[in-house]
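Text of upload28.cif (mmCIF, C-alpha atoms and all ligand atoms) as supplied:
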```
data_input
#
loop_
_atom_site.label_atom_id
_atom_site.label_comp_id
_atom_site.auth_asym_id
_atom_site.auth_seq_id
_atom_site.Cartn_x
_atom_site.Cartn_y
_atom_site.Cartn_z
CA MET A 1 -31.01 -97.68 -169.27
CA ILE A 2 -30.65 -95.32 -166.29
CA PRO A 3 -29.86 -92.00 -168.07
CA TYR A 4 -27.29 -89.50 -166.84
CA GLY A 5 -29.96 -86.81 -166.69
CA ARG A 6 -33.61 -86.37 -167.45
CA GLN A 7 -36.57 -84.08 -166.82
CA SER A 8 -39.20 -84.40 -164.07
CA ILE A 9 -42.64 -83.54 -165.41
CA SER A 10 -45.66 -83.24 -163.08
CA ASP A 11 -49.38 -83.21 -163.79
CA ALA A 12 -49.30 -79.47 -163.03
CA ASP A 13 -46.68 -78.99 -165.77
CA ILE A 14 -48.86 -80.90 -168.26
CA LYS A 15 -51.92 -78.86 -167.31
CA ALA A 16 -50.00 -75.60 -167.71
CA VAL A 17 -49.04 -76.52 -171.27
CA VAL A 18 -52.49 -77.84 -172.23
CA ASP A 19 -54.13 -74.68 -170.87
CA VAL A 20 -51.97 -72.62 -173.21
CA LEU A 21 -52.95 -74.81 -176.18
CA ARG A 22 -56.60 -74.01 -175.44
CA SER A 23 -55.90 -70.28 -175.03
CA ASP A 24 -55.72 -67.45 -177.57
CA PHE A 25 -51.93 -67.21 -177.79
CA LEU A 26 -49.43 -69.89 -178.73
CA THR A 27 -46.72 -67.26 -179.07
CA GLN A 28 -46.29 -63.62 -177.97
CA GLY A 29 -48.92 -63.90 -175.22
CA PRO A 30 -48.79 -63.52 -171.44
CA GLN A 31 -46.78 -66.63 -170.50
CA VAL A 32 -43.37 -65.44 -171.69
CA PRO A 33 -43.43 -62.18 -169.67
CA ALA A 34 -44.79 -64.10 -166.66
CA PHE A 35 -41.89 -66.58 -166.86
CA GLU A 36 -39.40 -63.74 -167.34
CA GLN A 37 -40.69 -61.83 -164.31
CA ALA A 38 -40.77 -64.90 -162.09
CA LEU A 39 -37.22 -65.90 -163.07
CA ALA A 40 -35.86 -62.37 -162.63
CA ALA A 41 -37.42 -62.24 -159.15
CA ARG A 42 -36.06 -65.69 -158.27
CA VAL A 43 -32.46 -64.84 -159.16
CA GLY A 44 -32.56 -61.19 -158.07
CA ALA A 45 -32.01 -59.54 -161.46
CA LEU A 46 -33.88 -56.50 -162.78
CA HIS A 47 -34.48 -57.86 -166.31
CA ALA A 48 -34.91 -61.27 -167.92
CA ILE A 49 -35.29 -61.97 -171.65
CA ALA A 50 -36.56 -65.41 -172.67
CA VAL A 51 -35.43 -67.04 -175.92
CA ASN A 52 -35.70 -70.40 -177.65
CA SER A 53 -32.40 -71.83 -176.32
CA ALA A 54 -29.33 -70.94 -174.29
CA THR A 55 -27.41 -71.01 -177.56
CA SER A 56 -29.61 -68.15 -178.82
CA ALA A 57 -29.26 -66.44 -175.44
CA LEU A 58 -25.46 -66.53 -175.70
CA HIS A 59 -25.65 -65.20 -179.25
CA ILE A 60 -27.86 -62.19 -178.45
CA ALA A 61 -25.85 -61.50 -175.29
CA CYS A 62 -22.77 -61.14 -177.53
CA VAL A 63 -24.75 -59.09 -180.06
CA SER A 64 -25.93 -56.72 -177.30
CA LEU A 65 -22.28 -56.03 -176.43
CA ASP A 66 -21.46 -55.28 -180.10
CA LEU A 67 -19.05 -58.20 -180.34
CA GLY A 68 -17.82 -58.35 -183.92
CA PRO A 69 -14.93 -58.86 -186.31
CA GLY A 70 -11.59 -57.88 -184.78
CA ASP A 71 -12.83 -58.59 -181.25
CA TRP A 72 -11.87 -61.53 -179.02
CA LEU A 73 -14.14 -63.72 -176.93
CA TRP A 74 -12.56 -65.98 -174.32
CA THR A 75 -14.25 -68.91 -172.61
CA THR A 76 -13.32 -72.24 -171.02
CA PRO A 77 -12.44 -75.34 -173.04
CA ASN A 78 -14.43 -77.47 -170.55
CA SER A 79 -17.90 -76.65 -171.84
CA PHE A 80 -20.47 -77.40 -174.48
CA VAL A 81 -19.48 -75.93 -177.85
CA ALA A 82 -22.23 -73.28 -177.65
CA SER A 83 -20.18 -71.33 -175.07
CA ALA A 84 -17.60 -70.62 -177.79
CA ASN A 85 -19.71 -70.70 -180.97
CA CYS A 86 -21.52 -67.48 -179.99
CA GLY A 87 -18.23 -65.65 -180.61
CA LEU A 88 -17.89 -67.13 -184.08
CA TYR A 89 -21.52 -66.24 -184.93
CA CYS A 90 -20.51 -62.61 -184.39
CA GLY A 91 -17.40 -62.90 -186.54
CA ALA A 92 -15.14 -62.50 -183.50
CA GLU A 93 -12.03 -64.55 -182.67
CA VAL A 94 -12.37 -67.17 -179.93
CA ASP A 95 -9.73 -68.24 -177.42
CA PHE A 96 -9.78 -70.26 -174.23
CA VAL A 97 -8.55 -70.07 -170.63
CA ASP A 98 -7.55 -73.33 -168.95
CA ILE A 99 -9.41 -74.74 -165.98
CA ASP A 100 -8.60 -75.13 -162.32
CA PRO A 101 -8.40 -78.93 -161.94
CA ARG A 102 -10.20 -78.89 -158.59
CA SER A 103 -13.25 -76.82 -159.54
CA ARG A 104 -13.03 -77.74 -163.26
CA ASN A 105 -14.05 -74.11 -163.89
CA MET A 106 -12.11 -71.35 -165.64
CA CYS A 107 -9.03 -70.69 -163.50
CA PRO A 108 -8.88 -67.00 -162.39
CA GLU A 109 -5.06 -67.12 -162.10
CA ALA A 110 -4.73 -68.52 -165.63
CA LEU A 111 -7.12 -65.80 -166.80
CA HIS A 112 -5.01 -63.13 -165.10
CA ARG A 113 -1.78 -64.44 -166.67
CA LYS A 114 -3.33 -64.63 -170.13
CA LEU A 115 -4.79 -61.10 -169.81
CA THR A 116 -1.39 -59.70 -168.87
CA VAL A 117 0.16 -61.21 -172.01
CA ALA A 118 -2.78 -60.13 -174.18
CA ARG A 119 -2.48 -56.53 -172.94
CA ASP A 120 1.17 -56.46 -174.01
CA GLU A 121 0.19 -57.85 -177.41
CA GLY A 122 -2.78 -55.48 -177.79
CA ARG A 123 -5.37 -58.22 -178.14
CA LEU A 124 -7.39 -58.07 -174.92
CA PRO A 125 -10.79 -59.79 -175.06
CA LYS A 126 -13.97 -57.75 -175.32
CA VAL A 127 -16.06 -60.55 -173.78
CA VAL A 128 -15.20 -63.36 -171.36
CA ILE A 129 -17.68 -66.20 -170.79
CA PRO A 130 -17.06 -68.16 -167.60
CA VAL A 131 -19.13 -71.35 -167.46
CA HIS A 132 -20.45 -72.58 -164.10
CA PHE A 133 -19.49 -76.16 -164.80
CA SER A 134 -21.72 -78.83 -163.25
CA GLY A 135 -23.77 -76.09 -161.55
CA GLN A 136 -20.99 -74.74 -159.33
CA SER A 137 -20.26 -71.05 -159.83
CA CYS A 138 -16.86 -69.85 -160.98
CA ASP A 139 -14.97 -67.49 -158.65
CA MET A 140 -17.00 -64.52 -159.84
CA ALA A 141 -15.43 -62.00 -157.44
CA ALA A 142 -11.99 -62.70 -158.94
CA ILE A 143 -13.29 -62.65 -162.52
CA GLY A 144 -15.27 -59.46 -161.83
CA ARG A 145 -12.13 -57.73 -160.50
CA LEU A 146 -10.21 -58.71 -163.63
CA ALA A 147 -13.07 -57.40 -165.79
CA GLU A 148 -12.76 -54.03 -164.02
CA SER A 149 -9.01 -53.77 -164.41
CA PHE A 150 -8.71 -55.13 -167.96
CA GLY A 151 -11.93 -53.65 -169.32
CA PHE A 152 -13.83 -56.65 -170.64
CA LYS A 153 -17.48 -57.62 -170.23
CA VAL A 154 -18.55 -60.84 -168.53
CA ILE A 155 -21.37 -63.10 -169.69
CA GLU A 156 -21.94 -65.95 -167.23
CA ASP A 157 -22.92 -69.19 -168.93
CA ALA A 158 -25.10 -70.57 -166.15
CA SER A 159 -26.70 -73.25 -168.32
CA HIS A 160 -25.93 -75.72 -165.50
CA ALA A 161 -26.55 -73.40 -162.60
CA ILE A 162 -30.10 -72.17 -162.16
CA GLY A 163 -30.85 -72.51 -158.46
CA ALA A 164 -27.17 -72.17 -157.47
CA ASP A 165 -25.81 -69.51 -155.13
CA TRP A 166 -22.39 -67.95 -154.89
CA GLY A 167 -21.25 -65.62 -152.13
CA ASN A 168 -24.82 -65.52 -150.74
CA ARG A 169 -26.26 -64.26 -154.05
CA PRO A 170 -28.23 -66.38 -156.50
CA VAL A 171 -26.45 -67.12 -159.77
CA GLY A 172 -28.21 -64.82 -162.27
CA ALA A 173 -28.16 -61.72 -160.05
CA CYS A 174 -25.24 -60.50 -162.20
CA ALA A 175 -23.36 -59.18 -159.16
CA HIS A 176 -20.05 -59.49 -161.06
CA SER A 177 -21.19 -59.69 -164.69
CA ALA A 178 -23.09 -57.85 -167.41
CA MET A 179 -25.41 -60.76 -168.14
CA THR A 180 -26.16 -64.35 -167.14
CA VAL A 181 -27.49 -67.05 -169.48
CA PHE A 182 -29.62 -70.06 -168.46
CA SER A 183 -30.65 -73.18 -170.41
CA PHE A 184 -33.92 -75.07 -170.06
CA HIS A 185 -32.96 -78.10 -172.14
CA PRO A 186 -34.52 -81.25 -170.59
CA VAL A 187 -31.26 -82.52 -169.06
CA LYS A 188 -30.73 -79.23 -167.21
CA ILE A 189 -32.16 -78.37 -163.77
CA ILE A 190 -35.57 -77.12 -164.95
CA THR A 191 -36.92 -77.43 -168.48
CA SER A 192 -39.09 -75.68 -171.05
CA ALA A 193 -38.28 -78.47 -173.61
CA GLU A 194 -36.04 -76.05 -175.50
CA GLY A 195 -35.45 -72.62 -174.06
CA GLY A 196 -33.06 -70.13 -172.57
CA MET A 197 -32.99 -66.84 -170.68
CA VAL A 198 -30.66 -63.89 -170.28
CA THR A 199 -30.71 -61.87 -167.06
CA THR A 200 -29.20 -58.41 -166.63
CA ASN A 201 -29.48 -55.33 -164.41
CA ASP A 202 -28.72 -52.96 -167.29
CA PRO A 203 -31.87 -51.52 -168.94
CA LEU A 204 -29.98 -50.65 -172.15
CA LEU A 205 -28.74 -54.22 -172.54
CA ALA A 206 -32.24 -55.49 -171.77
CA ALA A 207 -33.68 -53.38 -174.60
CA ARG A 208 -30.99 -54.55 -177.00
CA LEU A 209 -31.59 -58.18 -176.05
CA ALA A 210 -35.33 -57.80 -176.60
CA ASP A 211 -34.69 -56.25 -180.02
CA ALA A 212 -32.22 -58.96 -181.05
CA ARG A 213 -34.65 -61.71 -180.04
CA SER A 214 -37.31 -60.48 -182.46
CA HIS A 215 -35.88 -59.14 -185.75
CA GLY A 216 -34.53 -55.89 -184.29
CA ILE A 217 -38.08 -54.56 -184.37
CA THR A 218 -39.40 -52.07 -181.82
CA ARG A 219 -42.89 -50.71 -181.15
CA ASP A 220 -41.55 -48.17 -178.65
CA ALA A 221 -42.16 -44.70 -180.20
CA ASP A 222 -39.30 -43.23 -178.14
CA ARG A 223 -36.84 -45.43 -179.99
CA MET A 224 -38.13 -44.68 -183.52
CA SER A 225 -36.52 -42.45 -186.11
CA GLN A 226 -39.82 -40.67 -186.87
CA PRO A 227 -43.31 -40.32 -185.36
CA PRO A 228 -45.34 -43.52 -185.96
CA ASP A 229 -47.41 -43.52 -189.19
CA GLY A 230 -50.25 -45.06 -187.15
CA PRO A 231 -51.10 -47.73 -184.59
CA TRP A 232 -49.75 -50.48 -186.89
CA TYR A 233 -46.36 -48.88 -187.12
CA TYR A 234 -43.11 -50.53 -186.02
CA GLU A 235 -39.51 -49.93 -186.93
CA GLN A 236 -36.63 -52.26 -187.46
CA VAL A 237 -33.83 -50.45 -185.64
CA SER A 238 -31.15 -53.15 -185.82
CA LEU A 239 -30.56 -56.58 -187.35
CA GLY A 240 -32.20 -59.18 -185.10
CA TYR A 241 -33.36 -62.78 -185.27
CA ASN A 242 -36.44 -64.82 -184.51
CA TYR A 243 -35.27 -66.42 -181.26
CA ARG A 244 -38.62 -66.17 -179.47
CA MET A 245 -39.78 -68.68 -176.87
CA THR A 246 -43.30 -70.07 -177.42
CA GLU A 247 -46.12 -69.73 -174.89
CA MET A 248 -46.15 -73.52 -174.31
CA GLN A 249 -42.46 -73.46 -173.48
CA ALA A 250 -42.87 -70.48 -171.14
CA ALA A 251 -45.83 -72.08 -169.35
CA LEU A 252 -43.78 -75.25 -168.81
CA GLY A 253 -40.76 -73.26 -167.67
CA LEU A 254 -42.86 -71.18 -165.25
CA SER A 255 -44.46 -74.29 -163.79
CA GLN A 256 -41.03 -75.95 -163.44
CA LEU A 257 -39.57 -72.86 -161.78
CA GLY A 258 -41.93 -73.51 -158.87
CA GLU A 259 -40.14 -76.85 -158.34
CA LEU A 260 -36.62 -75.45 -158.62
CA ASP A 261 -35.76 -75.63 -154.91
CA ARG A 262 -37.12 -79.15 -154.60
CA PHE A 263 -35.14 -80.28 -157.67
CA VAL A 264 -31.88 -78.79 -156.41
CA ASP A 265 -32.43 -80.23 -152.91
CA ALA A 266 -33.05 -83.67 -154.43
CA ARG A 267 -29.81 -83.41 -156.41
CA HIS A 268 -27.94 -82.47 -153.21
CA ARG A 269 -29.33 -85.45 -151.32
CA LEU A 270 -28.32 -87.82 -154.14
CA ALA A 271 -24.87 -86.23 -154.54
CA ALA A 272 -24.26 -86.63 -150.79
CA ARG A 273 -25.09 -90.35 -151.14
CA TYR A 274 -22.54 -90.64 -153.97
CA ASP A 275 -19.96 -88.70 -151.91
CA GLU A 276 -20.38 -91.05 -148.99
CA ARG A 277 -20.64 -94.37 -150.81
CA LEU A 278 -17.96 -93.83 -153.44
CA ARG A 279 -15.27 -92.73 -150.99
CA GLY A 280 -12.15 -94.91 -151.09
CA LEU A 281 -12.44 -95.94 -154.75
CA PRO A 282 -9.61 -95.00 -157.16
CA ILE A 283 -11.62 -92.06 -158.49
CA THR A 284 -11.57 -88.32 -157.82
CA LEU A 285 -14.94 -87.14 -156.51
CA PRO A 286 -16.28 -83.65 -157.25
CA TRP A 287 -15.10 -80.80 -155.02
CA HIS A 288 -17.88 -78.76 -153.44
CA ASP A 289 -16.94 -75.07 -153.17
CA PRO A 290 -17.93 -73.79 -149.71
CA THR A 291 -18.26 -70.23 -151.09
CA GLY A 292 -21.56 -71.18 -152.67
CA ARG A 293 -24.12 -73.87 -153.28
CA SER A 294 -24.02 -75.77 -156.56
CA ALA A 295 -27.15 -76.57 -158.54
CA LEU A 296 -25.50 -79.98 -159.13
CA HIS A 297 -26.41 -80.38 -162.77
CA LEU A 298 -23.66 -83.00 -163.13
CA TYR A 299 -21.86 -85.42 -160.82
CA VAL A 300 -18.52 -86.09 -162.52
CA ILE A 301 -15.95 -88.58 -161.26
CA GLU A 302 -12.40 -88.78 -162.62
CA VAL A 303 -10.93 -92.25 -162.99
CA GLU A 304 -7.44 -92.27 -161.50
CA GLU A 305 -4.44 -93.67 -163.39
CA ALA A 306 -4.00 -96.41 -160.79
CA ALA A 307 -7.56 -97.73 -161.25
CA ARG A 308 -8.03 -101.31 -162.43
CA LEU A 309 -10.04 -100.08 -165.42
CA ASP A 310 -9.28 -97.01 -167.47
CA ARG A 311 -11.95 -94.44 -168.31
CA ARG A 312 -12.90 -96.09 -171.59
CA ALA A 313 -13.16 -99.59 -170.10
CA LEU A 314 -15.20 -98.33 -167.12
CA PHE A 315 -17.49 -96.30 -169.40
CA ASP A 316 -18.11 -99.30 -171.69
CA HIS A 317 -18.72 -101.57 -168.71
CA MET A 318 -21.28 -99.22 -167.15
CA ARG A 319 -23.11 -98.73 -170.42
CA ALA A 320 -23.20 -102.52 -170.89
CA GLU A 321 -24.74 -102.73 -167.40
CA GLY A 322 -27.54 -100.36 -168.43
CA ILE A 323 -26.14 -97.24 -166.82
CA GLY A 324 -26.24 -94.26 -169.15
CA VAL A 325 -23.02 -92.59 -168.10
CA ASN A 326 -21.75 -89.73 -170.26
CA VAL A 327 -18.69 -87.51 -170.64
CA HIS A 328 -18.67 -83.74 -170.10
CA TYR A 329 -16.79 -82.32 -171.92
CA ILE A 330 -14.55 -83.05 -174.86
CA PRO A 331 -12.37 -79.90 -174.73
CA ILE A 332 -13.85 -77.45 -177.24
CA HIS A 333 -10.46 -76.50 -178.71
CA LEU A 334 -9.94 -80.12 -179.82
CA GLN A 335 -13.14 -80.16 -181.91
CA PRO A 336 -12.22 -80.21 -185.62
CA HIS A 337 -13.91 -76.85 -186.23
CA TYR A 338 -11.64 -75.25 -183.62
CA ALA A 339 -8.54 -77.34 -184.46
CA ALA A 340 -8.90 -75.94 -187.99
CA ARG A 341 -8.55 -72.47 -186.42
CA GLY A 342 -5.12 -73.41 -185.04
CA PHE A 343 -5.82 -75.04 -181.66
CA LYS A 344 -4.07 -78.30 -180.84
CA SER A 345 -3.64 -80.95 -178.21
CA GLY A 346 -1.54 -79.58 -175.34
CA ASP A 347 -2.89 -76.02 -175.56
CA PHE A 348 -5.00 -76.38 -172.38
CA PRO A 349 -3.42 -79.24 -170.43
CA ALA A 350 -5.64 -79.09 -167.32
CA ALA A 351 -8.85 -79.38 -169.37
CA GLU A 352 -7.32 -82.19 -171.43
CA ALA A 353 -6.14 -84.13 -168.34
CA TYR A 354 -9.56 -83.73 -166.75
CA TYR A 355 -11.25 -84.97 -169.94
CA ARG A 356 -9.13 -88.13 -170.03
CA GLY A 357 -10.57 -89.32 -166.70
CA ALA A 358 -14.08 -87.82 -166.61
CA ILE A 359 -17.32 -89.79 -166.38
CA SER A 360 -20.69 -88.21 -165.50
CA LEU A 361 -22.80 -90.47 -163.30
CA PRO A 362 -26.62 -90.41 -163.41
CA LEU A 363 -28.02 -87.47 -161.41
CA TYR A 364 -31.51 -86.01 -161.68
CA ALA A 365 -34.30 -85.12 -159.26
CA ASP A 366 -36.34 -88.28 -159.92
CA LEU A 367 -33.39 -90.72 -159.73
CA SER A 368 -34.58 -93.37 -157.25
CA ASP A 369 -32.38 -94.56 -154.39
CA ALA A 370 -32.66 -98.08 -155.82
CA ASP A 371 -31.37 -96.99 -159.24
CA GLN A 372 -28.61 -94.95 -157.62
CA ASP A 373 -27.62 -97.92 -155.46
CA ARG A 374 -27.29 -99.95 -158.64
CA VAL A 375 -24.98 -97.33 -160.15
CA ILE A 376 -22.89 -97.39 -156.98
CA ALA A 377 -22.79 -101.20 -156.85
CA VAL A 378 -21.76 -101.59 -160.51
CA LEU A 379 -19.07 -98.93 -160.15
CA THR A 380 -17.72 -100.34 -156.89
CA LYS A 381 -17.57 -103.91 -158.23
CA ALA A 382 -15.88 -102.79 -161.45
CA LEU A 383 -13.17 -100.87 -159.61
CA ALA A 384 -12.57 -103.29 -156.73
CA ALA A 385 -9.41 -105.29 -157.42
C1 LIG A 401 -26.71 -76.96 -172.57
C2 LIG A 401 -25.67 -75.91 -172.65
C3 LIG A 401 -25.71 -74.86 -173.56
C4 LIG A 401 -26.72 -74.78 -174.66
O1 LIG A 401 -28.01 -74.86 -174.18
P1 LIG A 401 -29.23 -74.98 -175.21
O2 LIG A 401 -30.38 -74.48 -174.40
O3 LIG A 401 -29.33 -76.45 -175.52
O4 LIG A 401 -28.94 -74.17 -176.40
C5 LIG A 401 -24.76 -73.87 -173.48
N1 LIG A 401 -23.77 -73.92 -172.57
C6 LIG A 401 -23.67 -74.95 -171.70
C7 LIG A 401 -22.57 -74.94 -170.70
C8 LIG A 401 -24.60 -75.99 -171.72
O5 LIG A 401 -24.48 -77.01 -170.89
#
```

The structure given in the file should be rewritten as structure tokens.
Amino acid sequence: MIPYGRQSISDADIKAVVDVLRSDFLTQGPQVPAFEQALAARVGALHAIAVNSATSALHIACVSLDLGPGDWLWTTPNSFVASANCGLYCGAEVDFVDIDPRSRNMCPEALHRKLTVARDEGRLPKVVIPVHFSGQSCDMAAIGRLAESFGFKVIEDASHAIGADWGNRPVGACAHSAMTVFSFHPVKIITSAEGGMVTTNDPLLAARLADARSHGITRDADRMSQPPDGPWYYEQVSLGYNYRMTEMQAALGLSQLGELDRFVDARHRLAARYDERLRGLPITLPWHDPTGRSALHLYVIEVEEAARLDRRALFDHMRAEGIGVNVHYIPIHLQPHYAARGFKSGDFPAAEAYYRGAISLPLYADLSDADQDRVIAVLTKALAA
């Protein structure tokens, strides 16, 4: 089976992990800060806090903004459930903003309209989480302007988008947001097996994130309620979690970070081959926003109504042919856990229409031209009348 995504692991990656296993520290050693500093430098942020997943990263990002009961968090329905669940972890209410069908990202105009209504009703969101779907940044200038005028905080879910740029700035620089979250799950652009990172330029948020990652404990005497009893002394200053990244994960992530540009370039070369060779079929190809450069985590086609096969039939056919296509995403509001909170079919029509046609084709740095040609041939034959 040709998968839709997978990691690329080099001998240097393996050596980096094995070296850690032979070292003194398997956790809380030098690798995590080294990975954090390298990632912060790469994306142009002042601070980076590594954790054990992007899900944890989203959670502590919300915690650091004091999101809680009575507050609202808004995100896009076209994402993985973690983008919304972080709001529920905090006891907040979650709502969604429909997508722009072309970019498949949160639509800034829909956000503006919904904010205007919410202001009249006195239920403006405290936090909005735009998701850079498929690796292509949302219109962050527009979302940042709305954040200024309506007074909410922005957490970018850039789980798909490490290595992407927007408006000549790397995603993660937080030019229009409080924080940015990355994922290092193996299907993403670079991996640490499991892992995530939050970047920010705000030192106060950085300190809160570091506390929340590790039990709310600090060893910084300036932040204690009393002078330390002795060198062993620490204080728990808030309620945190154990969301720490291990040294093996950080060593792998740091080693992978060195390959980031090569991985993203490889994805661009492959996506350009799809763009060229799939033209003319009854499918909608992804739109590439000229305002930035996508990290191309996903290459999603939408099967048009007029196609000979519908989405389900084409999906089944490709799987039967050994091509591990996938679907990103089932709209979050239609998941039973969210439907039970009052959401229903028809609430976010653009995300639902997109979902009905979407198929993610295989795309990863090590995808061979021969395997990609097979994907193209199977797809073309299936759709040709
Ligand atoms: C993968 C993903 C997450 C969760 O990442 P983990 O590191 O697996 O927790 C969150 N949001 C989006 C958009 C994702 O694709």

With the cut-off set at 7 Å and counting all atoms listed in the file, tabulate each residue of chain A with an atom at most that distance from an atom of ligand LIG 401 (chain A), showing the nearest atom pair and its distance in Å to one decimal, ordered by chain and increasing number, as JSON lines.
```
{"residue": "A:Ser53", "atom": "CA", "partner": "A:LIG401", "partner_atom": "O2", "distance": 3.8}
{"residue": "A:Ala54", "atom": "CA", "partner": "A:LIG401", "partner_atom": "O2", "distance": 3.7}
{"residue": "A:Thr55", "atom": "CA", "partner": "A:LIG401", "partner_atom": "O4", "distance": 3.7}
{"residue": "A:Ser56", "atom": "CA", "partner": "A:LIG401", "partner_atom": "O4", "distance": 6.5}
{"residue": "A:Ser79", "atom": "CA", "partner": "A:LIG401", "partner_atom": "C7", "distance": 5.1}
{"residue": "A:Phe80", "atom": "CA", "partner": "A:LIG401", "partner_atom": "C6", "distance": 4.9}
{"residue": "A:Ala82", "atom": "CA", "partner": "A:LIG401", "partner_atom": "C5", "distance": 4.9}
{"residue": "A:Ser83", "atom": "CA", "partner": "A:LIG401", "partner_atom": "N1", "distance": 5.1}
{"residue": "A:Val131", "atom": "CA", "partner": "A:LIG401", "partner_atom": "C7", "distance": 5.9}
{"residue": "A:Phe133", "atom": "CA", "partner": "A:LIG401", "partner_atom": "C7", "distance": 6.8}
{"residue": "A:Asp157", "atom": "CA", "partner": "A:LIG401", "partner_atom": "C7", "distance": 6.0}
{"residue": "A:Ala158", "atom": "CA", "partner": "A:LIG401", "partner_atom": "C7", "distance": 6.8}
{"residue": "A:Ser159", "atom": "CA", "partner": "A:LIG401", "partner_atom": "C8", "distance": 4.8}
{"residue": "A:His160", "atom": "CA", "partner": "A:LIG401", "partner_atom": "O5", "distance": 5.7}
{"residue": "A:Ser183", "atom": "CA", "partner": "A:LIG401", "partner_atom": "O2", "distance": 4.2}
{"residue": "A:Phe184", "atom": "CA", "partner": "A:LIG401", "partner_atom": "O2", "distance": 5.6}
{"residue": "A:His185", "atom": "CA", "partner": "A:LIG401", "partner_atom": "O2", "distance": 5.0}
{"residue": "A:Glu194", "atom": "CA", "partner": "A:LIG401", "partner_atom": "O2", "distance": 6.0}
{"residue": "A:Gly195", "atom": "CA", "partner": "A:LIG401", "partner_atom": "O2", "distance": 5.4}
{"residue": "A:Gly196", "atom": "CA", "partner": "A:LIG401", "partner_atom": "O2", "distance": 5.4}
```

Selected residue, from A:Pro349, A:Gly230, A:Gly240, A:Pro282, that lies nearest to A:Ala212 when counting all atoms listed in the file: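 Going through A:Pro349, A:Gly230, A:Gly240, A:Pro282 one by one, the smallest distance to A:Ala212 is for A:Gly240.
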
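Separating atom CA of A:Ser225 from atom CA of A:Asn242 is a distance of 22.4 Å.
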
Counting all atoms listed in the file, the option among A:Leu58, A:Ala251, A:Ala313, A:Ala84 closest to A:Gln335: A:Ala84

Surrounding residues of A:Ala147 excluding itself and chain neighbours under 6 positions, 9 Å, all atoms listed in the file, as an MDAnalysis selection string: chainID A and resid 128 153:154 176:177

Contacts of A:Asp220 at 9 Å (only C-alpha atoms; same-chain gap of 3+ positions) as a PyMOL selection string: chain A and resi 223-224+234-235

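When atom CA of A:Gln249 is paired with atom CA of A:Ala295, their separation reads 21.6 Å.
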
Ref. answer, residues at most 10 Å from (-11.0, -78.5, -159.1) with only C-alpha atoms, as a PyMOL selection string: chain A and resi 99-107+284-289+350+354

Would you list the contacts of A:Glu352 as a PDB file with C-alpha atoms, in the frame of the given file, taking every protein, DNA or RNA residue within 12 Å and counting only C-alpha atoms, but skipping same-chain residues closer than 2 positions in sequence?
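Saved file out-v3.pdb follows:
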```
ATOM      1  CA  THR A  76     -13.320 -72.240-171.020  1.00  0.00           C
ATOM      2  CA  PRO A  77     -12.440 -75.340-173.040  1.00  0.00           C
ATOM      3  CA  ASN A  78     -14.430 -77.470-170.550  1.00  0.00           C
ATOM      4  CA  SER A  79     -17.900 -76.650-171.840  1.00  0.00           C
ATOM      5  CA  ASP A  98      -7.550 -73.330-168.950  1.00  0.00           C
ATOM      6  CA  ILE A  99      -9.410 -74.740-165.980  1.00  0.00           C
ATOM      7  CA  ASP A 100      -8.600 -75.130-162.320  1.00  0.00           C
ATOM      8  CA  PRO A 101      -8.400 -78.930-161.940  1.00  0.00           C
ATOM      9  CA  ARG A 104     -13.030 -77.740-163.260  1.00  0.00           C
ATOM     10  CA  HIS A 328     -18.670 -83.740-170.100  1.00  0.00           C
ATOM     11  CA  TYR A 329     -16.790 -82.320-171.920  1.00  0.00           C
ATOM     12  CA  ILE A 330     -14.550 -83.050-174.860  1.00  0.00           C
ATOM     13  CA  PRO A 331     -12.370 -79.900-174.730  1.00  0.00           C
ATOM     14  CA  ILE A 332     -13.850 -77.450-177.240  1.00  0.00           C
ATOM     15  CA  HIS A 333     -10.460 -76.500-178.710  1.00  0.00           C
ATOM     16  CA  LEU A 334      -9.940 -80.120-179.820  1.00  0.00           C
ATOM     17  CA  LYS A 344      -4.070 -78.300-180.840  1.00  0.00           C
ATOM     18  CA  SER A 345      -3.640 -80.950-178.210  1.00  0.00           C
ATOM     19  CA  GLY A 346      -1.540 -79.580-175.340  1.00  0.00           C
ATOM     20  CA  ASP A 347      -2.890 -76.020-175.560  1.00  0.00           C
ATOM     21  CA  PHE A 348      -5.000 -76.380-172.380  1.00  0.00           C
ATOM     22  CA  PRO A 349      -3.420 -79.240-170.430  1.00  0.00           C
ATOM     23  CA  ALA A 350      -5.640 -79.090-167.320  1.00  0.00           C
ATOM     24  CA  TYR A 354      -9.560 -83.730-166.750  1.00  0.00           C
ATOM     25  CA  TYR A 355     -11.250 -84.970-169.940  1.00  0.00           C
ATOM     26  CA  ARG A 356      -9.130 -88.130-170.030  1.00  0.00           C
ATOM     27  CA  GLY A 357     -10.570 -89.320-166.700  1.00  0.00           C
ATOM     28  CA  ALA A 358     -14.080 -87.820-166.610  1.00  0.00           C
TER      29      ALA A 358
END
```

Distance of atom CA of A:Gly280 from atom CA of A:Met318, expressed in Å to one decimal place: 19.0 Å

So that each row is one residue of stretch 104-170 of chain A with an atom at most 12 Å from stretch 35-39 of chain A, can you give its shortest atom pair and the distance in Å to one decimal, using only C-alpha atoms, rows by chain and rising number, as a tab-separated table?
```
residue	atom	partner	partner_atom	distance
A:Ile162	CA	A:Leu39	CA	9.5
A:Gly163	CA	A:Leu39	CA	10.3
A:Pro170	CA	A:Leu39	CA	11.1
```

Exercise: A:Pro33 partners within 10 Å, all atoms listed in the file, chain neighbours under 4 positions left out, as a list in words: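 Surrounding residues, per the criterion: Gln28, Gly29, Gln37, Ala38, Leu39, Ala48, Ile49, Ala50, Glu247 and Ala250 of chain A.
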